[in-house]
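Asks: Please find one structure pasted underneath; my questions will follow.
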Amino acid sequence: MSDCTFCKIVAGLLPSYRVLEDEHTLAFLDIRPASAGHTLVVPRVHARDVWEISRTSHGEVADMVHRVAALLKTTLAPEGVTVKHNTGEAAGQDVFHYHVHVVPRRRGDGLLLTWGSPPAPAHELEQVLERLITAIRSGRCHQPQSSCE
Ligand SMILES: [Zn+2]
């Protein structure tokens, strides 16, 4: 057994507040909730982050996120929901088992989950887009278990 906290939760070796689960994923309450109902969705099979998780597993997690968001809407009636994932310490990832946060939101809840950035100049957006499109067309997609096509 690895030292991964979320693998231990999936295996039932650590306690958790399980919300929903299926063959591929588990959804459980974040014990440090940003708001009531803040839920984490993880794949049962360990993957470090969005760069390591397979497209198939990522799709299964996305499906569970969709179910959890619907459940939160019908039961807790939030005004909105934030779906969030961080890959890498630089982005704020703290547990290195892929997970997605599903956070119920209300107007004025004060959660600092937005950027507030000004619009970028068109030439900057075009420059980035050109690099991405060029990489896709040349097959230079550096995802080991996946493809960007
Ligand atoms: Zn794990």
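The way I read the labels, and the way they are meant: chains A, B, ... in the order of the structure tokens, residue 1 as the first residue of every chain, and ligand 1 as the first ligand shown, with later ones counted on from there.
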Which neighbours of Glu79 (chain A) fall inside 8 Å, counting only C-alpha atoms, when residues of the same chain fewer than 6 positions from it are skipped, and could you give them as an MDAnalysis selection string?

Replies: chainID A and resid 104:107

Asks: Can you pull out every residue with an atom within 8 Å of ligand 1? Use only C-alpha atoms and all ligand atoms and format it as a list in words.

Replies: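 Answer in the requested format: Ser2, Asp3, Cys4, Thr5, Phe6, Cys7, Lys8, Arg44, Val45, His46, Ala47, Arg48, Phe96, His97 and Tyr98 of chain A.
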
Asks: What's the 7 Å shell around region 36-40 of chain A, counting only C-alpha atoms, without same-chain residues fewer than 5 positions away, as a ChimeraX atom specification?

Replies: /A:27-30,72,99-104

Asks: DSSP says alpha helix (DSSP H) for which residues of region 50-137 of chain A? Put them as a VMD selection string?

Replies: chain A and resid 55 to 76 122 to 137

Asks: For region 50-53 of chain A, please output as a PDB file with N, CA, C and O atoms, in the first residue's frame all residues within 7 Å (counting only C-alpha atoms; exclusion window: fewer than 4 positions along the same chain).

Replies:
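What ended up in selection-v6.pdb:
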ATOM      1  N   SER A  57      -9.825   7.498 -17.304  1.00  0.00           N
ATOM      2  CA  SER A  57     -10.058   7.745 -15.884  1.00  0.00           C
ATOM      3  C   SER A  57     -10.510   9.186 -15.658  1.00  0.00           C
ATOM      4  O   SER A  57     -11.408   9.454 -14.847  1.00  0.00           O
ATOM      5  N   HIS A  58      -9.920  10.106 -16.388  1.00  0.00           N
ATOM      6  CA  HIS A  58     -10.311  11.507 -16.274  1.00  0.00           C
ATOM      7  C   HIS A  58     -11.785  11.686 -16.634  1.00  0.00           C
ATOM      8  O   HIS A  58     -12.526  12.412 -15.959  1.00  0.00           O
ATOM      9  N   THR A  87      -3.047  21.016 -10.479  1.00  0.00           N
ATOM     10  CA  THR A  87      -1.953  20.082 -10.754  1.00  0.00           C
ATOM     11  C   THR A  87      -0.648  20.765 -10.399  1.00  0.00           C
ATOM     12  O   THR A  87      -0.355  21.846 -10.918  1.00  0.00           O
ATOM     13  N   TYR A  98      -4.858  12.582  -7.977  1.00  0.00           N
ATOM     14  CA  TYR A  98      -5.753  13.458  -8.738  1.00  0.00           C
ATOM     15  C   TYR A  98      -7.091  13.631  -8.017  1.00  0.00           C
ATOM     16  O   TYR A  98      -7.708  12.637  -7.609  1.00  0.00           O
ATOM     17  N   GLN A 143       1.805  14.134 -23.275  1.00  0.00           N
ATOM     18  CA  GLN A 143       1.032  13.427 -22.260  1.00  0.00           C
ATOM     19  C   GLN A 143       1.314  11.946 -22.453  1.00  0.00           C
ATOM     20  O   GLN A 143       0.901  11.364 -23.453  1.00  0.00           O
TER      21      GLN A 143
END

Asks: A:Gly88, A:Gly139, A:Gly80, A:Pro43: which is nearest Ala62 (chain A), counting only C-alpha atoms?

Replies: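 Selected residue with least distance to Ala62 (chain A): A:Pro43.
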